[in-house]
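J.: I'm passing along entry.txt; it holds compact mmCIF, N, CA and C atoms.
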```txt
# COMPACT_ATOMS: atom_id res chain seq x y z
N MET I 347 144.39 33.85 -4.98
CA MET I 347 143.96 34.42 -6.22
C MET I 347 144.55 35.81 -6.32
N ALA I 348 145.29 36.10 -7.35
CA ALA I 348 145.83 37.43 -7.58
C ALA I 348 145.07 38.03 -8.75
N GLY I 349 144.91 39.31 -8.77
CA GLY I 349 144.18 39.95 -9.85
C GLY I 349 143.57 41.24 -9.38
N THR I 350 142.28 41.41 -9.60
CA THR I 350 141.60 42.65 -9.32
C THR I 350 140.44 42.40 -8.37
N ALA I 351 140.26 43.31 -7.42
CA ALA I 351 139.09 43.27 -6.53
C ALA I 351 138.27 44.52 -6.76
N VAL I 352 136.97 44.37 -6.77
CA VAL I 352 136.05 45.46 -7.02
C VAL I 352 135.11 45.56 -5.83
N SER I 353 134.95 46.75 -5.24
CA SER I 353 134.04 46.90 -4.09
C SER I 353 132.69 47.44 -4.55
N ALA I 354 131.79 47.67 -3.60
CA ALA I 354 130.44 48.16 -3.93
C ALA I 354 130.48 49.49 -4.68
N ASN I 355 131.46 50.33 -4.40
CA ASN I 355 131.59 51.58 -5.13
C ASN I 355 132.54 51.44 -6.31
N PHE I 356 133.04 50.24 -6.51
CA PHE I 356 133.76 49.79 -7.68
C PHE I 356 135.15 50.33 -7.91
N PRO I 357 135.91 50.75 -6.86
CA PRO I 357 137.32 51.03 -7.11
C PRO I 357 138.09 49.72 -7.29
N THR I 358 139.25 49.80 -7.89
CA THR I 358 140.08 48.63 -8.11
C THR I 358 141.22 48.63 -7.10
N PHE I 359 141.56 47.43 -6.59
CA PHE I 359 142.61 47.29 -5.59
C PHE I 359 143.69 46.36 -6.11
N SER I 360 144.91 46.53 -5.60
CA SER I 360 145.98 45.60 -5.91
C SER I 360 145.80 44.35 -5.08
N GLU I 361 146.28 43.24 -5.57
CA GLU I 361 146.14 41.96 -4.88
C GLU I 361 147.33 41.68 -4.01
N PRO I 362 147.25 40.85 -3.03
CA PRO I 362 146.02 40.24 -2.51
C PRO I 362 145.23 41.27 -1.72
N PHE I 363 143.94 41.02 -1.59
CA PHE I 363 143.06 41.96 -0.91
C PHE I 363 141.98 41.18 -0.20
N LYS I 364 141.48 41.73 0.91
CA LYS I 364 140.38 41.12 1.63
C LYS I 364 139.18 42.05 1.57
N LEU I 365 138.09 41.56 0.98
CA LEU I 365 136.84 42.31 0.93
C LEU I 365 136.04 41.94 2.17
N ILE I 366 135.55 42.94 2.90
CA ILE I 366 134.83 42.70 4.15
C ILE I 366 133.58 43.56 4.18
N THR I 367 132.48 42.98 4.63
CA THR I 367 131.29 43.76 4.94
C THR I 367 130.77 43.32 6.29
N LEU I 368 130.49 44.29 7.14
CA LEU I 368 130.09 44.05 8.52
C LEU I 368 128.63 44.44 8.73
N GLY I 369 128.03 43.88 9.76
CA GLY I 369 126.71 44.32 10.18
C GLY I 369 125.60 43.98 9.24
N LEU I 370 125.65 42.81 8.64
CA LEU I 370 124.56 42.38 7.76
C LEU I 370 123.41 41.87 8.62
N GLY I 371 122.34 42.63 8.68
CA GLY I 371 121.11 42.19 9.32
C GLY I 371 120.15 41.84 8.20
N SER I 372 119.27 42.78 7.87
CA SER I 372 118.37 42.58 6.73
C SER I 372 119.09 42.85 5.41
N CYS I 373 120.26 43.48 5.48
CA CYS I 373 121.06 43.75 4.27
C CYS I 373 121.61 42.45 3.69
N ILE I 374 122.00 42.53 2.44
CA ILE I 374 122.62 41.39 1.75
C ILE I 374 124.08 41.72 1.45
N GLY I 375 124.96 40.81 1.78
CA GLY I 375 126.34 40.88 1.35
C GLY I 375 126.45 39.98 0.13
N LEU I 376 126.84 40.54 -0.99
CA LEU I 376 126.97 39.80 -2.24
C LEU I 376 128.44 39.76 -2.63
N VAL I 377 128.97 38.55 -2.80
CA VAL I 377 130.34 38.36 -3.29
C VAL I 377 130.24 37.69 -4.65
N VAL I 378 130.94 38.25 -5.62
CA VAL I 378 131.01 37.64 -6.95
C VAL I 378 132.48 37.50 -7.33
N TYR I 379 132.80 36.42 -8.02
CA TYR I 379 134.19 36.23 -8.42
C TYR I 379 134.30 35.35 -9.65
N ASP I 380 135.38 35.59 -10.40
CA ASP I 380 135.77 34.79 -11.55
C ASP I 380 137.20 34.36 -11.26
N SER I 381 137.37 33.12 -10.83
CA SER I 381 138.69 32.66 -10.41
C SER I 381 139.67 32.55 -11.57
N PHE I 382 139.18 32.34 -12.78
CA PHE I 382 140.07 32.27 -13.94
C PHE I 382 140.63 33.65 -14.27
N ALA I 383 139.77 34.66 -14.33
CA ALA I 383 140.20 36.03 -14.63
C ALA I 383 140.81 36.71 -13.41
N ARG I 384 140.63 36.10 -12.25
CA ARG I 384 141.13 36.63 -10.98
C ARG I 384 140.55 38.01 -10.66
N VAL I 385 139.22 38.07 -10.76
CA VAL I 385 138.48 39.28 -10.48
C VAL I 385 137.42 38.94 -9.44
N ALA I 386 137.32 39.78 -8.41
CA ALA I 386 136.32 39.57 -7.36
C ALA I 386 135.67 40.89 -7.02
N GLY I 387 134.44 40.84 -6.54
CA GLY I 387 133.73 42.04 -6.15
C GLY I 387 132.75 41.79 -5.02
N MET I 388 132.36 42.86 -4.35
CA MET I 388 131.42 42.74 -3.24
C MET I 388 130.50 43.96 -3.21
N ALA I 389 129.25 43.72 -2.82
CA ALA I 389 128.29 44.80 -2.59
C ALA I 389 127.60 44.55 -1.27
N HIS I 390 127.28 45.63 -0.56
CA HIS I 390 126.48 45.59 0.67
C HIS I 390 125.15 46.23 0.30
N ILE I 391 124.16 45.39 0.04
CA ILE I 391 122.85 45.82 -0.47
C ILE I 391 121.91 46.06 0.71
N MET I 392 121.34 47.26 0.76
CA MET I 392 120.48 47.64 1.88
C MET I 392 118.99 47.45 1.61
N LEU I 393 118.57 47.68 0.37
CA LEU I 393 117.15 47.64 0.02
C LEU I 393 116.94 46.91 -1.30
N PRO I 394 115.75 46.35 -1.51
CA PRO I 394 115.52 45.55 -2.73
C PRO I 394 115.46 46.36 -4.02
N ASP I 395 114.86 47.54 -4.00
CA ASP I 395 114.77 48.27 -5.27
C ASP I 395 114.87 49.78 -5.06
N SER I 396 115.22 50.44 -6.15
CA SER I 396 115.50 51.87 -6.13
C SER I 396 114.33 52.73 -6.57
N ARG I 397 113.17 52.12 -6.81
CA ARG I 397 112.01 52.91 -7.24
C ARG I 397 111.72 54.01 -6.23
N GLY I 398 111.48 55.19 -6.73
CA GLY I 398 111.14 56.33 -5.88
C GLY I 398 112.33 57.00 -5.24
N GLN I 399 113.53 56.56 -5.53
CA GLN I 399 114.73 57.15 -4.94
C GLN I 399 115.31 58.19 -5.88
N ARG I 400 116.03 59.13 -5.30
CA ARG I 400 116.70 60.15 -6.10
C ARG I 400 117.82 59.50 -6.92
N MET I 401 118.07 60.02 -8.08
CA MET I 401 119.11 59.47 -8.96
C MET I 401 120.49 59.59 -8.33
N SER I 402 120.65 60.46 -7.34
CA SER I 402 121.95 60.63 -6.71
C SER I 402 122.26 59.54 -5.68
N GLU I 403 121.27 58.68 -5.38
CA GLU I 403 121.51 57.61 -4.41
C GLU I 403 122.62 56.69 -4.91
N LYS I 404 123.32 56.06 -3.99
CA LYS I 404 124.39 55.15 -4.37
C LYS I 404 123.82 53.90 -5.04
N VAL I 405 124.39 53.56 -6.18
CA VAL I 405 123.95 52.40 -6.95
C VAL I 405 124.05 51.11 -6.12
N GLY I 406 125.08 50.99 -5.29
CA GLY I 406 125.31 49.78 -4.51
C GLY I 406 124.33 49.56 -3.38
N LYS I 407 123.47 50.51 -3.11
CA LYS I 407 122.53 50.42 -2.00
C LYS I 407 121.32 49.53 -2.30
N PHE I 408 120.99 49.36 -3.57
CA PHE I 408 119.77 48.66 -3.98
C PHE I 408 120.09 47.42 -4.82
N ALA I 409 119.37 46.34 -4.57
CA ALA I 409 119.62 45.10 -5.31
C ALA I 409 119.41 45.29 -6.81
N ASP I 410 118.37 46.04 -7.20
CA ASP I 410 118.08 46.17 -8.63
C ASP I 410 119.13 46.96 -9.39
N THR I 411 119.92 47.77 -8.69
CA THR I 411 120.98 48.52 -9.37
C THR I 411 122.37 47.99 -9.03
N ALA I 412 122.56 47.48 -7.82
CA ALA I 412 123.89 47.01 -7.40
C ALA I 412 124.32 45.76 -8.16
N VAL I 413 123.41 44.81 -8.31
CA VAL I 413 123.80 43.55 -8.96
C VAL I 413 124.26 43.78 -10.40
N PRO I 414 123.46 44.44 -11.26
CA PRO I 414 123.96 44.65 -12.63
C PRO I 414 125.20 45.54 -12.70
N ALA I 415 125.28 46.55 -11.85
CA ALA I 415 126.45 47.44 -11.88
C ALA I 415 127.72 46.69 -11.47
N LEU I 416 127.62 45.87 -10.45
CA LEU I 416 128.79 45.10 -10.01
C LEU I 416 129.22 44.11 -11.08
N ILE I 417 128.27 43.43 -11.70
CA ILE I 417 128.62 42.47 -12.76
C ILE I 417 129.25 43.21 -13.94
N GLU I 418 128.73 44.38 -14.29
CA GLU I 418 129.30 45.17 -15.39
C GLU I 418 130.75 45.53 -15.10
N GLU I 419 131.04 45.94 -13.85
CA GLU I 419 132.42 46.24 -13.48
C GLU I 419 133.31 45.01 -13.56
N MET I 420 132.77 43.87 -13.17
CA MET I 420 133.53 42.61 -13.27
C MET I 420 133.88 42.33 -14.73
N LEU I 421 132.91 42.51 -15.62
CA LEU I 421 133.15 42.26 -17.04
C LEU I 421 134.21 43.21 -17.60
N LYS I 422 134.18 44.46 -17.16
CA LYS I 422 135.19 45.43 -17.60
C LYS I 422 136.60 45.02 -17.17
N LYS I 423 136.70 44.30 -16.06
CA LYS I 423 137.99 43.88 -15.53
C LYS I 423 138.45 42.53 -16.08
N GLY I 424 137.67 41.95 -17.00
CA GLY I 424 138.09 40.71 -17.65
C GLY I 424 137.32 39.47 -17.29
N ALA I 425 136.35 39.56 -16.39
CA ALA I 425 135.52 38.39 -16.05
C ALA I 425 134.57 38.09 -17.19
N THR I 426 134.07 36.87 -17.24
CA THR I 426 133.03 36.51 -18.20
C THR I 426 131.85 35.93 -17.43
N ARG I 427 130.64 36.21 -17.90
CA ARG I 427 129.43 35.77 -17.19
C ARG I 427 129.41 34.29 -16.85
N PRO I 428 129.74 33.41 -17.78
CA PRO I 428 129.66 31.99 -17.44
C PRO I 428 130.60 31.55 -16.31
N ARG I 429 131.68 32.31 -16.12
CA ARG I 429 132.63 31.94 -15.07
C ARG I 429 132.36 32.61 -13.73
N ILE I 430 131.55 33.66 -13.73
CA ILE I 430 131.29 34.39 -12.48
C ILE I 430 130.41 33.54 -11.56
N LYS I 431 130.83 33.41 -10.33
CA LYS I 431 130.09 32.70 -9.28
C LYS I 431 129.70 33.71 -8.22
N ALA I 432 128.59 33.48 -7.55
CA ALA I 432 128.11 34.40 -6.52
C ALA I 432 127.82 33.66 -5.22
N LYS I 433 128.00 34.37 -4.12
CA LYS I 433 127.62 33.91 -2.79
C LYS I 433 126.93 35.08 -2.10
N ILE I 434 125.88 34.77 -1.32
CA ILE I 434 125.19 35.83 -0.59
C ILE I 434 125.01 35.44 0.88
N ALA I 435 124.90 36.46 1.72
CA ALA I 435 124.61 36.26 3.14
C ALA I 435 123.81 37.46 3.62
N GLY I 436 123.02 37.25 4.66
CA GLY I 436 122.22 38.32 5.25
C GLY I 436 120.75 38.06 5.09
N GLY I 437 119.98 39.10 4.90
CA GLY I 437 118.55 38.97 4.68
C GLY I 437 117.78 38.50 5.91
N ALA I 438 118.29 38.81 7.09
CA ALA I 438 117.64 38.37 8.33
C ALA I 438 116.49 39.30 8.71
N GLN I 439 115.64 38.81 9.58
CA GLN I 439 114.64 39.64 10.24
C GLN I 439 115.15 39.82 11.65
N MET I 440 115.79 40.93 11.89
CA MET I 440 116.52 41.15 13.13
C MET I 440 115.64 41.50 14.32
N PHE I 441 114.46 42.07 14.06
CA PHE I 441 113.63 42.54 15.16
C PHE I 441 112.19 42.10 14.99
N SER I 442 111.51 41.96 16.08
CA SER I 442 110.08 41.73 16.10
C SER I 442 109.48 42.89 16.87
N LEU I 443 108.93 43.85 16.14
CA LEU I 443 108.45 45.07 16.77
C LEU I 443 106.92 45.13 16.75
N PRO I 444 106.30 45.19 17.92
CA PRO I 444 104.85 45.33 17.95
C PRO I 444 104.42 46.59 17.21
N GLY I 445 103.45 46.47 16.35
CA GLY I 445 102.95 47.62 15.61
C GLY I 445 103.73 47.96 14.36
N ALA I 446 104.84 47.27 14.12
CA ALA I 446 105.63 47.54 12.91
C ALA I 446 104.91 46.96 11.70
N SER I 447 105.02 47.62 10.57
CA SER I 447 104.34 47.16 9.36
C SER I 447 105.01 45.90 8.82
N ALA I 448 104.21 45.09 8.13
CA ALA I 448 104.75 43.88 7.49
C ALA I 448 105.82 44.24 6.48
N GLU I 449 105.65 45.39 5.83
CA GLU I 449 106.63 45.87 4.85
C GLU I 449 108.00 46.04 5.51
N PHE I 450 108.02 46.63 6.67
CA PHE I 450 109.26 46.86 7.41
C PHE I 450 109.90 45.54 7.85
N LEU I 451 109.08 44.62 8.31
CA LEU I 451 109.61 43.37 8.86
C LEU I 451 110.06 42.37 7.80
N THR I 452 109.67 42.57 6.54
CA THR I 452 110.04 41.61 5.50
C THR I 452 111.13 42.13 4.56
N VAL I 453 111.79 43.23 4.91
CA VAL I 453 112.79 43.79 4.01
C VAL I 453 113.93 42.80 3.76
N GLY I 454 114.33 42.01 4.75
CA GLY I 454 115.39 41.02 4.56
C GLY I 454 115.02 39.98 3.51
N ALA I 455 113.82 39.43 3.63
CA ALA I 455 113.36 38.43 2.66
C ALA I 455 113.24 39.03 1.27
N LYS I 456 112.79 40.27 1.19
CA LYS I 456 112.69 40.95 -0.11
C LYS I 456 114.08 41.19 -0.71
N ASN I 457 115.05 41.54 0.13
CA ASN I 457 116.42 41.72 -0.34
C ASN I 457 116.97 40.41 -0.92
N VAL I 458 116.71 39.30 -0.22
CA VAL I 458 117.16 37.98 -0.71
C VAL I 458 116.52 37.67 -2.05
N ALA I 459 115.21 37.80 -2.14
CA ALA I 459 114.49 37.46 -3.37
C ALA I 459 114.94 38.31 -4.55
N GLU I 460 115.08 39.61 -4.34
CA GLU I 460 115.47 40.51 -5.43
C GLU I 460 116.91 40.23 -5.88
N THR I 461 117.80 40.00 -4.93
CA THR I 461 119.19 39.71 -5.28
C THR I 461 119.28 38.41 -6.09
N LYS I 462 118.61 37.37 -5.63
CA LYS I 462 118.61 36.10 -6.37
C LYS I 462 118.03 36.25 -7.76
N MET I 463 116.93 36.99 -7.88
CA MET I 463 116.29 37.19 -9.17
C MET I 463 117.22 37.95 -10.12
N ARG I 464 117.90 38.98 -9.62
CA ARG I 464 118.80 39.76 -10.47
C ARG I 464 119.99 38.93 -10.94
N LEU I 465 120.53 38.10 -10.05
CA LEU I 465 121.62 37.21 -10.44
C LEU I 465 121.16 36.23 -11.52
N ALA I 466 119.98 35.65 -11.33
CA ALA I 466 119.44 34.69 -12.30
C ALA I 466 119.23 35.34 -13.66
N ARG I 467 118.68 36.54 -13.68
CA ARG I 467 118.45 37.26 -14.94
C ARG I 467 119.75 37.52 -15.69
N LEU I 468 120.83 37.70 -14.95
CA LEU I 468 122.13 37.97 -15.57
C LEU I 468 122.91 36.69 -15.87
N GLY I 469 122.33 35.54 -15.52
CA GLY I 469 123.00 34.26 -15.79
C GLY I 469 124.17 33.98 -14.86
N ILE I 470 124.13 34.53 -13.65
CA ILE I 470 125.20 34.34 -12.68
C ILE I 470 124.81 33.22 -11.71
N ALA I 471 125.67 32.21 -11.57
CA ALA I 471 125.39 31.07 -10.70
C ALA I 471 125.54 31.47 -9.23
N LEU I 472 124.50 31.22 -8.45
CA LEU I 472 124.56 31.42 -7.00
C LEU I 472 124.95 30.07 -6.41
N ILE I 473 126.18 29.99 -5.88
CA ILE I 473 126.69 28.70 -5.41
C ILE I 473 126.62 28.51 -3.90
N ALA I 474 126.35 29.60 -3.16
CA ALA I 474 126.23 29.48 -1.71
C ALA I 474 125.37 30.62 -1.18
N SER I 475 124.60 30.30 -0.14
CA SER I 475 123.71 31.29 0.45
C SER I 475 123.54 30.99 1.93
N ASP I 476 123.67 32.02 2.75
CA ASP I 476 123.40 31.92 4.19
C ASP I 476 122.51 33.11 4.52
N THR I 477 121.19 32.91 4.41
CA THR I 477 120.26 34.02 4.53
C THR I 477 119.11 33.68 5.48
N GLY I 478 118.39 34.73 5.87
CA GLY I 478 117.20 34.57 6.70
C GLY I 478 117.53 34.45 8.17
N GLY I 479 116.57 33.94 8.92
CA GLY I 479 116.75 33.80 10.35
C GLY I 479 116.71 35.15 11.04
N ASN I 480 117.30 35.21 12.24
CA ASN I 480 117.29 36.46 13.00
C ASN I 480 118.66 36.80 13.57
N LYS I 481 119.72 36.39 12.87
CA LYS I 481 121.07 36.69 13.33
C LYS I 481 121.81 37.56 12.32
N GLY I 482 122.71 38.39 12.84
CA GLY I 482 123.54 39.21 11.98
C GLY I 482 124.71 38.40 11.43
N ARG I 483 125.31 38.91 10.38
CA ARG I 483 126.42 38.21 9.73
C ARG I 483 127.49 39.20 9.30
N THR I 484 128.69 38.68 9.08
CA THR I 484 129.83 39.41 8.52
C THR I 484 130.42 38.54 7.44
N ILE I 485 130.88 39.16 6.36
CA ILE I 485 131.55 38.43 5.28
C ILE I 485 132.98 38.93 5.17
N GLU I 486 133.91 37.98 5.08
CA GLU I 486 135.30 38.28 4.73
C GLU I 486 135.62 37.40 3.53
N PHE I 487 136.03 38.03 2.44
CA PHE I 487 136.39 37.29 1.23
C PHE I 487 137.82 37.65 0.87
N SER I 488 138.70 36.68 0.99
CA SER I 488 140.11 36.90 0.68
C SER I 488 140.37 36.55 -0.77
N THR I 489 140.85 37.53 -1.52
CA THR I 489 141.12 37.29 -2.93
C THR I 489 142.41 36.54 -3.11
```
Show me this structure written as structure tokens.
T.:
Amino acid sequence: MAGTAVSANFPTFSEPFKLITLGLGSCIGLVVYDSFARVAGMAHIMLPDSRGQRMSEKVGKFADTAVPALIEEMLKKGATRPRIKAKIAGGAQMFSLPGASAEFLTVGAKNVAETKMRLARLGIALIASDTGGNKGRTIEFST
């Protein structure tokens, strides 16, 4: 696929390009692409929502802001919503810590749920998912 690649901070790259995200534990790696327009993007989502965060925080860090921002960048590069496909990985519970709060231990599951909900709200088809469990993951997406 030749065209445009968009990363979590949304710069544009010349093709061909390989988008990579490493160290996905409770984080979500989100890959979106439109093979017809030849546009692809990736976000490494750390937390489910940005409530209570400073406005200067990176948009790509939170599912509630990363998903719509990434899709908006895809649309600017020529993608169309009906053609955009998504794949996600991550959302694991990496540790079992005695005394840790349930809130802390469920961040992976919350990241998965929020990412899926945001994709659905935007009408983006989620065609593959490798989430949960207690193992880390890496994503390599070759455009």
J.: With a cut-off of 7 Å, could you pull out the residues of range 408-472 of chain I touching range 367-371 of chain I and give me the nearest pair of atoms for each, distance in Å to one decimal, using only N, CA and C atoms, ordered by chain and ascending number, as a Markdown table?
T.:
```
| residue | atom | partner | partner_atom | distance |
| --- | --- | --- | --- | --- |
| I:Ala435 | C | I:Leu370 | CA | 6.5 |
| I:Gly436 | C | I:Gly371 | C | 4.9 |
| I:Gly437 | N | I:Gly371 | C | 4.3 |
| I:Ala438 | N | I:Gly371 | C | 3.7 |
| I:Gln439 | N | I:Gly371 | C | 5.6 |
| I:Met440 | N | I:Gly371 | C | 5.8 |
| I:Gly454 | CA | I:Gly371 | C | 6.0 |
```
J.: Among the residues of range 377-464 of chain I, find those DSSP assigns to helix (DSSP H, G or I) from the backbone and print them as a PyMOL selection string.
T.: chain I and resi 405-407+409-422+427-429+448-451+453-464
J.: Nearest to Phe487 in chain I: which of I:Pro394, I:Arg427, I:Glu418, I:Lys433 is it, counting only C-alpha atoms?
T.: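 Nearest candidate to Phe487 in chain I out of I:Pro394, I:Arg427, I:Glu418, I:Lys433: I:Lys433.
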J.: Set the distance at 8 Å and use all atoms listed in the file: which residues neighbour Lys462 in chain I once local chain neighbours fewer than 6 positions away are removed? I'd like the list as a ChimeraX atom specification.
T.: /I:409,456,468,472
J.: Rank I:Arg464, I:Arg384, I:His390, I:Lys431 by their smallest atom-to-atom distance to Pro414 in chain I, using only C-alpha atoms, and report the top residue only.
T.: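 The closest residue to Pro414 in chain I is I:Arg464.
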J.: Using only N, CA and C atoms for the distances, tell me which of I:Thr477, I:Phe363, I:Ile470, I:Thr411 is nearest to Ala455 in chain I.
T.: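 So, comparing all the options, the nearest one is I:Thr477.
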J.: Find, counting only N, CA and C atoms, the residue in I:Ala425, I:Asp476, I:Thr461, I:Phe441 that gets nearest to Ala386 in chain I.
T.: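 Nearest to Ala386 in chain I: I:Ala425.
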J.: Record the distance separating atom C of Leu421 in chain I and atom N of Ala471 in chain I, expressed in Å with one decimal.
T.: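 Interatomic distance, atom C of Leu421 in chain I to atom N of Ala471 in chain I: 15.2 Å.
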J.: Can you tell me how far atom N of Ala432 in chain I sits from atom C of Arg397 in chain I, in Å to one decimal?
T.: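 Computing the Euclidean distance for atom N of Ala432 in chain I and atom C of Arg397 in chain I yields 26.6 Å.
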